[in-house]
Structure formats: structure tokens, C-alpha cells
file input_31.txt (compact mmCIF, C-alpha atoms)
# COMPACT_ATOMS: atom_id res chain seq x y z
CA MET A 1 47.41 22.05 22.88
CA HIS A 2 43.98 23.37 22.18
CA GLY A 3 42.56 23.37 18.67
CA GLY A 4 42.65 27.16 18.47
CA GLU A 5 46.34 27.26 19.34
CA VAL A 6 47.15 24.66 16.69
CA ALA A 7 45.14 26.55 14.06
CA ALA A 8 46.84 29.84 14.96
CA ALA A 9 50.30 28.26 14.78
CA ASP A 10 49.46 26.69 11.42
CA ALA A 11 48.16 30.01 10.08
CA LEU A 12 51.41 31.73 11.09
CA GLY A 13 53.58 28.92 9.72
CA LEU A 14 54.96 28.15 13.19
CA GLU A 15 56.00 24.74 14.43
CA LEU A 16 54.57 23.87 17.84
CA ASP A 17 57.06 22.98 20.57
CA ASP A 18 55.95 20.87 23.52
CA ASP A 19 59.45 20.18 24.90
CA ALA A 20 58.69 21.27 28.46
CA ASP A 21 62.07 20.37 29.95
CA ARG A 22 63.93 22.47 27.37
CA VAL A 23 61.50 25.38 27.71
CA ILE A 24 61.87 25.36 31.51
CA ALA A 25 65.68 25.25 31.22
CA GLU A 26 65.67 28.17 28.74
CA THR A 27 63.35 30.17 30.98
CA ARG A 28 65.56 29.49 34.00
CA ALA A 29 68.65 30.63 32.04
CA TYR A 30 66.81 33.80 30.96
CA LEU A 31 65.76 34.62 34.53
CA ASP A 32 69.24 33.86 35.89
CA ALA A 33 70.75 36.21 33.30
CA ALA A 34 68.18 38.88 34.18
CA ALA A 35 69.12 38.65 37.86
CA GLU A 36 72.82 38.93 36.98
CA LEU A 37 72.28 41.91 34.68
CA LEU A 38 70.03 43.65 37.20
CA ALA A 39 73.00 43.69 39.55
CA GLN A 40 75.30 45.06 36.83
CA GLU A 41 73.14 47.68 35.12
CA ASP A 42 71.98 50.91 36.75
CA ASN A 43 69.15 51.94 34.41
CA ALA A 44 66.37 50.52 32.25
CA LEU A 45 68.08 51.22 28.94
CA GLY A 46 71.32 49.53 29.97
CA PHE A 47 69.44 46.47 31.25
CA PHE A 48 67.29 46.35 28.10
CA HIS A 49 70.31 46.46 25.76
CA ALA A 50 72.27 43.92 27.83
CA MET A 51 69.36 41.46 27.73
CA LEU A 52 68.89 41.96 23.97
CA GLN A 53 72.58 41.36 23.42
CA LYS A 54 72.51 38.18 25.50
CA PHE A 55 69.25 36.89 23.97
CA PRO A 56 68.92 38.36 20.46
CA GLU A 57 66.63 35.55 19.31
CA ARG A 58 63.94 36.18 21.93
CA LEU A 59 60.67 37.65 20.70
CA ASN A 60 58.72 40.63 22.04
CA ALA A 61 61.27 43.24 22.96
CA GLY A 62 58.31 45.39 24.04
CA ALA A 63 57.64 43.08 26.97
CA LEU A 64 61.32 43.28 27.91
CA TRP A 65 61.20 47.09 27.76
CA GLY A 66 58.09 47.15 29.94
CA SER A 67 59.85 44.95 32.49
CA ALA A 68 63.00 47.08 32.37
CA THR A 69 61.10 50.28 33.06
CA ALA A 70 59.22 48.61 35.94
CA LEU A 71 62.48 47.33 37.44
CA PHE A 72 64.24 50.71 37.08
CA PRO A 73 61.54 53.32 37.72
CA GLN A 74 62.38 56.92 37.00
CA PRO A 75 62.73 59.14 40.08
CA ALA A 76 59.71 61.36 40.66

call {"tool": "encode", "arguments": {"input": "input_31.txt", "output": "C-alpha cells"}}
result
Amino acid sequence: MHGGEVAAADALGLELDDDADRVIAETRAYLDAAAELLAQEDNALGFFHAMLQKFPERLNAGALWGSATALFPQPA
């Protein structure tokens, strides 16, 4: 970690996590679930809610919403 990242984490009261194997496994599970839900849902809102239900502890729902709207564009 870089000094700035450590200082920012300290300022926010966050504990740093360098467990790469766990992080990769969690990311893989998230992406696998996204692929599964993409096949099940037919619109951005349904996909968004299904992902939030499956991963309620994940941060930044705004990024998820941005992805959902990119994956399910509205017809012109």
C-alpha cells in the first residue's frame, strides 16, 4: 500500500485488507452471480435489485446502477 492510501484508510477508520486470494474469490463470486442474474432479469431495475439482494454488504450501489443501465440500455 502507498502512504496516501494508508493515511486515507486511517482517517476514515477503515482497516486495510491485503488478503488477495479472498478478494479475488469474492470478486469471482460477484461476477458469476452477475452473469447468472443477467440471464434471469430483463431490465436494469430488476438486475439492480437482484444484485443488491444477493450482495447487500457491497458498497457503491451507484456503480452497480451505472453498470445495470449500461447492460440493459433503453430502446431509442

call {"tool": "residues_around", "arguments": {"input": "input_31.txt", "residues": "Phe47 of chain A", "least_positions_apart": "6", "cutoff": "9 Å", "atoms": "only C-alpha atoms", "output": "ChimeraX atom specification"}}
result
/A:34,37-38,40-41,65,68,72

call {"tool": "closest_residue", "arguments": {"input": "input_31.txt", "among": "A:Ala35, A:Ala29, A:Leu45, A:Ala20", "to": "Gln74 of chain A", "atoms": "only C-alpha atoms"}}
result
A:Leu45

call {"tool": "closest_atom_pairs", "arguments": {"input": "input_31.txt", "of": "segment 10-49 of chain A", "to": "segment 55-62 of chain A", "cutoff": "10 Å", "atoms": "all atoms listed in the file", "output": "tab-separated table"}}
result
residue	atom	partner	partner_atom	distance
A:Tyr30	CA	A:Phe55	CA	8.0
A:Ala33	CA	A:Phe55	CA	9.5
A:Phe48	CA	A:Ala61	CA	8.5
A:His49	CA	A:Pro56	CA	9.8

call {"tool": "atom_distance", "arguments": {"input": "input_31.txt", "atom1": "atom CA of Asp32 of chain A", "atom2": "atom CA of Gly66 of chain A"}}
result
18.3 Å

call {"tool": "atom_distance", "arguments": {"input": "input_31.txt", "atom1": "atom CA of Leu64 of chain A", "atom2": "atom CA of Asn43 of chain A"}}
result
13.4 Å
